[in-house]
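Asks: Provided below: data15.cif, containing mmCIF, C-alpha atoms.
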```
data_work
#
loop_
_atom_site.label_atom_id
_atom_site.label_comp_id
_atom_site.auth_asym_id
_atom_site.auth_seq_id
_atom_site.Cartn_x
_atom_site.Cartn_y
_atom_site.Cartn_z
CA MET A 982 -19.68 -3.71 21.77
CA ARG A 983 -20.07 -7.29 20.57
CA PHE A 984 -18.93 -6.50 17.03
CA LEU A 985 -16.12 -4.12 18.01
CA SER A 986 -12.60 -5.29 18.62
CA TYR A 987 -8.99 -4.27 18.02
CA TRP A 988 -9.68 -3.97 14.27
CA ILE A 989 -11.32 -0.60 14.96
CA PHE A 990 -7.91 1.01 15.62
CA PRO A 991 -6.63 1.01 12.01
CA ILE A 992 -10.07 2.04 10.74
CA ILE A 993 -10.09 5.13 12.99
CA SER A 994 -6.48 5.91 12.07
CA GLY A 995 -7.03 5.54 8.32
CA LEU A 996 -10.26 7.53 8.28
CA MET A 997 -8.66 10.31 10.33
CA TRP A 998 -5.72 10.48 7.92
CA LEU A 999 -7.99 10.57 4.88
CA ALA A 1000 -10.20 13.22 6.45
CA THR A 1001 -7.16 15.37 7.24
CA LEU A 1002 -5.77 15.12 3.72
CA LEU A 1003 -9.12 15.77 2.06
CA GLY A 1004 -9.78 18.69 4.39
CA LEU A 1005 -6.45 20.30 3.50
CA LEU A 1006 -6.72 19.62 -0.23
CA LEU A 1007 -10.33 20.77 -0.63
CA HIS A 1008 -9.65 23.87 1.46
CA TRP A 1009 -6.81 24.85 -0.86
CA ILE A 1010 -8.78 24.13 -4.06
CA VAL A 1011 -12.30 25.23 -3.12
CA ASP A 1012 -11.96 27.79 -0.34
CA THR A 1013 -8.75 29.57 -1.35
CA HIS A 1014 -9.02 28.93 -5.12
CA ARG A 1015 -5.48 27.51 -5.22
CA THR A 1016 -3.86 30.44 -3.50
CA LYS A 1017 -0.09 30.74 -3.36
CA TYR A 1018 1.13 30.50 0.21
CA ALA A 1019 4.11 32.37 1.62
CA SER A 1020 5.99 29.09 2.09
CA MET A 1021 5.75 28.20 -1.63
CA GLN A 1022 8.74 28.67 -3.95
CA GLY A 1023 9.05 31.20 -6.80
CA ASP A 1024 7.28 29.51 -9.73
CA GLN A 1025 5.53 26.83 -7.65
CA MET A 1026 1.81 26.58 -8.44
CA ILE A 1027 0.75 23.40 -6.58
CA ALA A 1028 0.87 23.51 -2.79
CA TYR A 1029 2.59 20.85 -0.73
CA ILE A 1030 0.62 19.30 2.13
CA SER A 1031 2.90 21.18 4.48
CA ASP A 1032 2.17 24.48 2.72
CA VAL A 1033 -1.55 24.13 3.41
CA GLY A 1034 -0.84 22.72 6.88
CA ALA A 1035 1.23 25.78 7.78
CA SER A 1036 -1.69 28.12 7.06
CA ASN A 1037 -4.86 28.75 9.07
CA LEU A 1038 -5.62 25.00 8.95
CA LYS A 1039 -2.59 24.14 11.06
CA PRO A 1040 -4.77 23.03 14.03
CA LEU A 1041 -6.51 20.52 11.75
CA PHE A 1042 -3.17 19.28 10.42
CA VAL A 1043 -1.64 18.83 13.88
CA THR A 1044 -4.75 17.18 15.35
CA GLY A 1045 -5.15 14.85 12.39
CA CYS A 1046 -1.52 13.73 12.51
CA ILE A 1047 -1.63 13.07 16.26
CA ILE A 1048 -4.87 11.06 16.15
CA THR A 1049 -3.65 9.11 13.12
CA THR A 1050 -0.39 8.09 14.78
CA ILE A 1051 -2.00 7.25 18.14
CA PHE A 1052 -4.41 4.75 16.65
CA LEU A 1053 -1.84 3.38 14.21
CA ASP A 1054 0.55 2.72 17.10
CA LEU A 1055 -2.32 1.06 18.96
CA SER A 1056 -2.75 -1.20 15.92
CA PHE A 1057 0.91 -2.24 16.09
CA GLY A 1058 0.63 -2.84 19.84
CA ALA A 1059 -2.61 -4.81 19.45
CA ASP A 1060 -1.03 -7.06 16.83
CA ARG A 1061 1.87 -7.86 19.17
CA LEU A 1062 -0.42 -8.37 22.18
CA LEU A 1063 -2.83 -10.66 20.33
CA ARG A 1064 0.00 -12.83 19.03
CA HIS A 1065 1.49 -13.04 22.52
CA LYS A 1066 -1.87 -14.12 23.96
CA GLY A 1067 -2.54 -16.63 21.18
CA ARG A 1068 -5.51 -14.71 19.78
CA LEU A 1069 -3.64 -14.45 16.46
CA VAL A 1070 -1.06 -16.82 14.98
CA PRO A 1071 1.73 -16.56 17.60
CA ASN A 1072 5.38 -15.75 17.09
CA THR A 1073 7.15 -19.04 17.81
CA SER A 1074 10.76 -18.02 17.21
CA THR A 1075 13.11 -15.37 18.53
CA GLY A 1076 13.60 -14.03 15.00
CA GLU A 1077 9.88 -13.35 14.59
CA LYS A 1078 9.74 -11.55 17.92
CA VAL A 1079 12.77 -9.44 17.01
CA LEU A 1080 11.17 -8.47 13.69
CA SER A 1081 7.95 -7.56 15.50
CA GLY A 1082 9.88 -5.40 17.96
CA LEU A 1083 11.77 -3.64 15.16
CA SER A 1084 8.55 -2.90 13.28
CA ILE A 1085 7.08 -1.31 16.41
CA PHE A 1086 10.27 0.68 17.09
CA PHE A 1087 10.42 2.18 13.60
CA ALA A 1088 6.68 2.85 13.70
CA LEU A 1089 7.39 4.99 16.78
CA VAL A 1090 10.14 6.76 14.82
CA GLY A 1091 7.59 7.46 12.09
CA THR A 1092 5.17 8.68 14.75
CA VAL A 1093 7.70 11.19 16.05
CA GLY A 1094 8.37 12.35 12.51
CA LEU A 1095 4.73 12.86 11.53
CA THR A 1096 3.74 14.48 14.80
CA PHE A 1097 6.63 16.93 14.90
CA LEU A 1098 6.56 17.84 11.20
CA SER A 1099 2.99 19.03 11.66
CA GLY A 1100 4.03 21.24 14.57
CA PHE A 1101 7.29 22.50 13.10
CA ASP A 1102 5.71 23.78 9.89
CA THR A 1103 7.58 24.48 6.68
CA LEU A 1104 6.97 28.24 6.87
CA ARG A 1105 8.60 28.93 10.24
CA TYR A 1106 10.90 25.91 10.70
CA PRO A 1107 11.83 24.68 7.18
CA ARG A 1108 14.98 22.73 8.18
CA LEU A 1109 13.35 20.97 11.15
CA HIS A 1110 10.29 20.25 9.04
CA ASP A 1111 12.41 18.49 6.41
CA ILE A 1112 14.22 16.43 9.06
CA PHE A 1113 10.95 15.23 10.58
CA LEU A 1114 9.53 14.53 7.12
CA LEU A 1115 12.50 12.24 6.49
CA LEU A 1116 11.93 10.51 9.84
CA PHE A 1117 8.26 10.00 8.98
CA ILE A 1118 8.90 8.43 5.57
CA ALA A 1119 11.92 6.35 6.62
CA GLY A 1120 10.37 5.23 9.91
CA TYR A 1121 7.17 3.84 8.45
CA LEU A 1122 8.92 2.35 5.41
CA LEU A 1123 11.38 0.45 7.62
CA SER A 1124 8.53 -0.57 9.92
CA ALA A 1125 6.62 -1.94 6.93
CA ILE A 1126 9.70 -3.87 5.77
CA PHE A 1127 10.16 -5.57 9.15
CA ILE A 1128 6.48 -6.43 9.64
CA CYS A 1129 6.35 -7.73 6.06
CA TRP A 1130 9.38 -9.92 6.83
CA GLU A 1131 7.70 -11.15 10.03
CA TYR A 1132 4.51 -12.09 8.17
CA GLN A 1133 6.51 -13.88 5.50
CA ARG A 1134 8.04 -16.11 8.18
CA LEU A 1135 4.69 -16.63 9.91
CA GLY A 1136 2.95 -17.44 6.64
CA HIS A 1137 5.63 -19.94 5.65
CA LYS A 1138 5.08 -21.93 8.85
CA ASN A 1139 1.30 -21.48 9.00
CA ARG A 1140 0.16 -21.92 5.41
CA GLN A 1141 -3.41 -22.70 6.47
CA HIS A 1142 -3.86 -19.06 7.55
CA ARG A 1143 -4.28 -17.32 4.21
CA VAL A 1144 -4.74 -13.95 5.91
CA LEU A 1145 -0.98 -13.89 6.60
CA ARG A 1146 -0.18 -14.21 2.90
CA ILE A 1147 -2.79 -11.59 1.96
CA SER A 1148 -1.39 -9.11 4.48
CA PHE A 1149 2.18 -9.89 3.37
CA TRP A 1150 1.41 -9.07 -0.27
CA ILE A 1151 -0.50 -5.89 0.63
CA LYS A 1152 2.42 -4.60 2.68
CA LEU A 1153 5.01 -5.69 0.11
CA ILE A 1154 3.18 -3.78 -2.65
CA PHE A 1155 3.00 -0.76 -0.34
CA ILE A 1156 6.75 -0.91 0.30
CA ILE A 1157 7.65 -1.13 -3.38
CA VAL A 1158 5.25 1.59 -4.53
CA GLU A 1159 6.01 4.02 -1.71
CA LEU A 1160 9.76 3.50 -1.98
CA LEU A 1161 9.72 4.31 -5.70
CA LEU A 1162 7.49 7.33 -5.15
CA ALA A 1163 9.64 8.55 -2.26
CA ILE A 1164 12.77 8.37 -4.43
CA ALA A 1165 10.98 10.26 -7.21
CA PHE A 1166 9.78 12.86 -4.67
CA ILE A 1167 13.29 13.44 -3.33
CA VAL A 1168 14.79 13.71 -6.82
CA THR A 1169 12.16 16.12 -8.16
CA ASN A 1170 12.31 18.23 -5.02
CA PHE A 1171 16.12 18.39 -5.17
CA ARG A 1172 16.01 19.41 -8.84
CA LYS A 1173 13.42 22.08 -7.99
CA TYR A 1174 10.55 20.56 -9.96
CA TYR A 1175 8.30 21.71 -7.15
CA ASP A 1176 4.91 21.12 -8.78
CA THR A 1177 5.82 17.53 -9.67
CA ALA A 1178 7.20 16.97 -6.18
CA ALA A 1179 4.01 18.38 -4.64
CA ILE A 1180 1.83 16.00 -6.66
CA LEU A 1181 4.02 13.06 -5.62
CA GLU A 1182 3.74 14.10 -1.96
CA TRP A 1183 -0.06 14.09 -2.11
CA VAL A 1184 -0.03 10.68 -3.84
CA ILE A 1185 2.38 9.22 -1.25
CA ALA A 1186 0.18 10.50 1.57
CA PHE A 1187 -3.03 9.03 0.15
CA ILE A 1188 -1.40 5.65 -0.50
CA PHE A 1189 -0.22 5.64 3.11
CA SER A 1190 -3.86 5.48 4.19
CA PHE A 1191 -4.25 2.11 2.45
CA TYR A 1192 -1.27 0.80 4.40
CA VAL A 1193 -2.99 1.90 7.61
CA PHE A 1194 -6.22 0.13 6.57
CA SER A 1195 -4.26 -3.07 5.88
CA PHE A 1196 -4.00 -3.65 9.63
CA PHE A 1197 -7.73 -4.34 9.61
CA VAL A 1198 -6.86 -7.54 7.71
CA ASP A 1199 -4.38 -8.47 10.45
CA LEU A 1200 -6.56 -7.72 13.48
CA TYR A 1201 -10.04 -8.78 12.36
CA PRO A 1202 -9.35 -12.55 12.76
CA ALA A 1203 -9.06 -11.98 16.53
CA MET A 1204 -12.87 -11.67 16.55
CA ALA A 1205 -13.03 -15.44 16.04
CA THR A 1206 -10.62 -16.26 18.88
CA ARG A 1207 -12.18 -14.43 21.79
CA THR A 1208 -12.95 -17.76 23.46
CA ASN A 1209 -10.76 -20.11 21.40
CA ARG A 1210 -7.12 -19.11 21.53
CA LEU A 1211 -4.39 -20.50 19.32
CA SER A 1212 -1.75 -22.31 21.33
CA VAL A 1213 1.91 -21.56 20.70
CA ASN A 1214 2.60 -25.30 20.71
CA SER A 1215 -0.19 -26.23 18.32
CA ALA A 1216 1.39 -25.20 15.00
CA ARG A 1217 2.09 -28.83 14.04
CA GLN A 1218 -1.41 -29.92 15.04
CA MET A 1219 -3.00 -27.06 13.07
CA GLU A 1220 -0.99 -28.04 10.01
CA GLU A 1221 -2.02 -31.71 10.26
CA THR A 1222 -5.65 -30.72 10.76
CA TYR A 1223 -5.54 -28.45 7.74
CA TYR A 1224 -4.22 -31.20 5.45
CA ALA A 1225 -6.74 -33.67 6.91
CA THR A 1226 -9.66 -31.38 6.10
CA HIS A 1227 -8.23 -30.27 2.73
CA PRO A 1228 -7.16 -33.52 1.02
CA SER A 1229 -6.60 -31.82 -2.33
CA VAL A 1230 -3.75 -29.72 -0.91
CA LEU A 1231 -0.28 -31.26 -1.17
CA PRO A 1232 -1.54 -34.86 -1.39
CA HIS A 1233 1.90 -36.39 -1.99
CA GLN A 1234 3.35 -34.77 1.11
CA ARG A 1235 0.37 -35.87 3.17
CA ASP A 1236 0.70 -39.51 1.96
CA THR A 1237 4.40 -39.48 2.85
CA GLU A 1238 3.71 -38.18 6.35
CA ASP A 1239 0.95 -40.73 6.89
CA SER A 1240 3.22 -43.56 5.72
CA GLN A 1241 5.99 -42.49 8.06
CA ARG A 1242 3.52 -42.24 10.94
CA THR A 1243 2.25 -45.78 10.21
CA LEU A 1244 5.78 -47.21 10.20
CA THR A 1245 6.62 -45.44 13.45
CA ASN A 1246 3.48 -46.72 15.14
CA GLY A 1247 4.20 -50.21 13.86
CA HIS A 1248 7.67 -50.29 15.44
CA GLY A 1249 6.69 -48.55 18.65
CA HIS A 1250 3.42 -50.41 19.37
CA ARG A 1251 3.76 -53.91 17.91
CA GLY A 1252 1.36 -55.41 20.39
CA HIS A 1253 -1.42 -52.95 19.81
CA THR A 1254 -2.18 -53.19 16.09
CA ASN A 1255 -5.90 -53.66 16.77
CA GLY A 1256 -6.23 -50.50 18.89
CA ALA A 1257 -8.69 -47.78 18.00
CA PRO A 1258 -7.32 -45.18 15.61
CA LYS A 1259 -6.46 -41.83 17.08
CA THR A 1260 -9.16 -39.25 16.42
CA ARG A 1261 -8.03 -35.96 14.98
CA THR A 1262 -9.15 -32.89 16.84
CA ASP A 1263 -10.62 -30.06 14.85
CA GLN A 1264 -9.12 -26.59 14.99
CA ARG A 1265 -10.85 -23.41 14.10
CA ASP A 1266 -9.35 -21.66 11.08
CA PHE A 1267 -9.71 -17.93 10.81
#
```
Would it be possible to restate this file's structure as structure tokens?

Replies:
Amino acid sequence: MRFLSYWIFPIISGLMWLATLLGLLLHWIVDTHRTKYASMQGDQMIAYISDVGASNLKPLFVTGCIITTIFLDLSFGADRLLRHKGRLVPNTSTGEKVLSGLSIFFALVGTVGLTFLSGFDTLRYPRLHDIFLLLFIAGYLLSAIFICWEYQRLGHKNRQHRVLRISFWIKLIFIIVELLLAIAFIVTNFRKYYDTAAILEWVIAFIFSFYVFSFFVDLYPAMATRTNRLSVNSARQMEETYYATHPSVLPHQRDTEDSQRTLTNGHGHRGHTNGAPKTRTDQRDF
């Protein structure tokens, strides 16, 4: 278990989601030869995910959705726990903690939506299915927005941790792409372009798996802090250490800070100009 950690949660969730989607899609194409299900509309030729999930593969659909959401929620919880314990860059402001809480809350809304839409299938409960589908899409999109906002604030104050910027951009791209696709899906479905809407639904679902995998980027750095936690009060020290070990980064700002520190020391310790210089302590970047 030495190489396993919290990063395994999004991997299990993402793989389970991909396996579920591929199982449903290949069953419809290969096993049924693109059969037309009872839940499909008049001239509809391409099955929605929910059309296949309402057939004899409903147990696979329900099980896959439940396992996916369980381990994705564990990923959200692990991220919050590790930041609270100092294993990841900690939330140092009330705003960051509020954003983290909102992202978890809307992830739970998305969990309810995905879990219940698989149980209330489109064949027997079409209205309930559509309501839970909306909860699923809206819940995880809003969750992604809030966690993206949180990482933007964290990355701004902790520029030495590039993983925050990487994760921010991954999630921002996901938000933009999925939002545009979701709007296109709703419009085409409303205008009864069912085949186009079905294709968009499959694309949205597969892209969602990459969002799930993005939490690997967030949680993997905790492997390096099992015995060396990041202190909540050490943000300033980490920043100074980063600039000290990377002299090519923001040299003018570093010279200004060093000059101000020299002037302050000169006024505050006039009788100790020959003292030994203070040694910088090294911090472990992840």

Asks: Would you write out, as a ChimeraX atom specification, every residue that the PyMOL selection byres ((chain A and resi 1154) around 12) captures in this file?

Replies: /A:1122,1125-1126,1129,1147-1153,1155-1161,1188-1189,1191-1192,1195

Asks: Within 10 Å of (10.2, 23.1, 7.6), all atoms listed in the file: residues as a list in words?

Replies: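 The requested residues, written out, are Ser1020, Ser1031, Asp1032, Ala1035, Leu1098, Ser1099, Gly1100, Phe1101, Asp1102, Thr1103, Leu1104, Arg1105, Tyr1106, Pro1107, Arg1108, Leu1109, His1110, Asp1111, Ile1112, Phe1113 and Leu1114 of chain A.
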
Asks: Env of Ile1085 (chain A): 9 Å cut, atoms = only C-alpha atoms, seq-sep filter 2 positions within chain, self excluded. Answer as a CSV table (one decimal) with C-alpha atoms, in the coordinates of the input.

Replies:
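Contents of around21.csv, as written:
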```csv
chain,number,residue,atom,x,y,z
A,1054,ASP,CA,0.6,2.7,17.1
A,1057,PHE,CA,0.9,-2.2,16.1
A,1058,GLY,CA,0.6,-2.8,19.8
A,1061,ARG,CA,1.9,-7.9,19.2
A,1080,LEU,CA,11.2,-8.5,13.7
A,1081,SER,CA,8.0,-7.6,15.5
A,1082,GLY,CA,9.9,-5.4,18.0
A,1083,LEU,CA,11.8,-3.6,15.2
A,1087,PHE,CA,10.4,2.2,13.6
A,1088,ALA,CA,6.7,2.8,13.7
A,1089,LEU,CA,7.4,5.0,16.8
A,1090,VAL,CA,10.1,6.8,14.8
A,1124,SER,CA,8.5,-0.6,9.9
A,1127,PHE,CA,10.2,-5.6,9.2
A,1128,ILE,CA,6.5,-6.4,9.6
```

Asks: So, with all atoms listed in the file as the atoms that count, which of A:Leu1006, A:Val1079, A:Met997, A:Leu1200 lies closest to Cys1046 (chain A)?

Replies: A:Met997

Asks: Which is closest to Ala1203 (chain A) among A:Leu1041, A:Val1144, A:Leu1053, A:Ile1118, if we use all atoms listed in the file?

Replies: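 Of all the options, A:Val1144 lies closest to Ala1203 (chain A).
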
Asks: Please indicate the distance in Å from CA of Lys1039 (chain A) to CA of Thr1096 (chain A), rounded to one decimal place.

Replies: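 These two atoms are separated by 12.1 Å.
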
Asks: With only C-alpha atoms as the atoms that count, which of A:Gly1034, A:Pro1040, A:Gly1023, A:Gly1045 lies nearest to Leu996 (chain A)?

Replies: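 For Leu996 (chain A), the nearest of the candidates is A:Gly1045.
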
Asks: Work out how far apart CA of Leu1003 (chain A) and CA of Gln1022 (chain A) are and give it in Å to one decimal.

Replies: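 So the answer is 22.8 Å.
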
Asks: Would you write out, as a list in words, every residue that the PyMOL selection byres ((chain A and resi 1065) around 12) captures in this file?

Replies: Gly1058, Ala1059, Asp1060, Arg1061, Leu1062, Leu1063, Arg1064, Lys1066, Gly1067, Arg1068, Leu1069, Val1070, Pro1071, Asn1072, Thr1073, Ser1074, Glu1077, Lys1078, Ser1081, Arg1210, Leu1211, Ser1212 and Val1213 of chain A

Asks: Show which residues sit within 9 Å of Arg1015 (chain A), as a PyMOL selection string. Count only C-alpha atoms, and ignore same-chain residues fewer than 6 positions away.

Replies: chain A and resi 1008-1009+1026-1028

Asks: Output C-alpha atoms for every residue in the selection just made, as a short mmCIF file (atom, residue, chain, number, x, y, z; two decimals), keeping the file's coordinate frame.

Replies:
```
data_model
loop_
_atom_site.label_atom_id
_atom_site.label_comp_id
_atom_site.auth_asym_id
_atom_site.auth_seq_id
_atom_site.Cartn_x
_atom_site.Cartn_y
_atom_site.Cartn_z
CA HIS A 1008 -9.65 23.87 1.46
CA TRP A 1009 -6.81 24.85 -0.86
CA MET A 1026 1.81 26.58 -8.44
CA ILE A 1027 0.75 23.40 -6.58
CA ALA A 1028 0.87 23.51 -2.79
#
```

Asks: For Ile989 (chain A), which residue among A:Phe1052, A:Arg1140, A:Gly1076, A:Val1184 is the nearest when counting only C-alpha atoms?

Replies: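 Counting only C-alpha atoms, the residue closest to Ile989 (chain A) is A:Phe1052.
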
Asks: What is the distance between CA of Thr1092 (chain A) and CA of Ser1190 (chain A), in Å to one decimal?

Replies: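 Computed distance, CA of Thr1092 (chain A) to CA of Ser1190 (chain A), equals 14.3 Å.
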
Asks: Given all atoms listed in the file as the basis, pick out the residue of A:Tyr1201, A:Thr1169, A:Asn1139, A:Thr1206 nearest to Tyr987 (chain A).

Replies: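 Comparing A:Tyr1201, A:Thr1169, A:Asn1139, A:Thr1206 against Tyr987 (chain A), the winner is A:Tyr1201.
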
Asks: Select, from A:Tyr1175, A:Phe1042, A:Phe1194, A:Phe1097, the residue with the minimum atom-to-atom distance to Met1021 (chain A), counting all atoms listed in the file.

Replies: A:Tyr1175

Asks: Could you tell me, as a list in words, which residues have any atom at most 9 Å from (3.5, 15.6, -0.8), counting all atoms listed in the file?

Replies: Ala1028, Tyr1029, Ile1030, Ser1031, Phe1166, Ala1178, Ala1179, Ile1180, Leu1181, Glu1182, Trp1183, Val1184, Ile1185 and Ala1186 of chain A

Asks: Box for region 1085-1096 of chain A - axis-aligned, 4 Å on each of the six sides, all listed atoms - centre and size in Å to one decimal, as AutoDock Vina command-line options.

Replies:
```
--center_x 7.1 --center_y 6.6 --center_z 14.3 --size_x 14.7 --size_y 23.8 --size_z 13.6
```
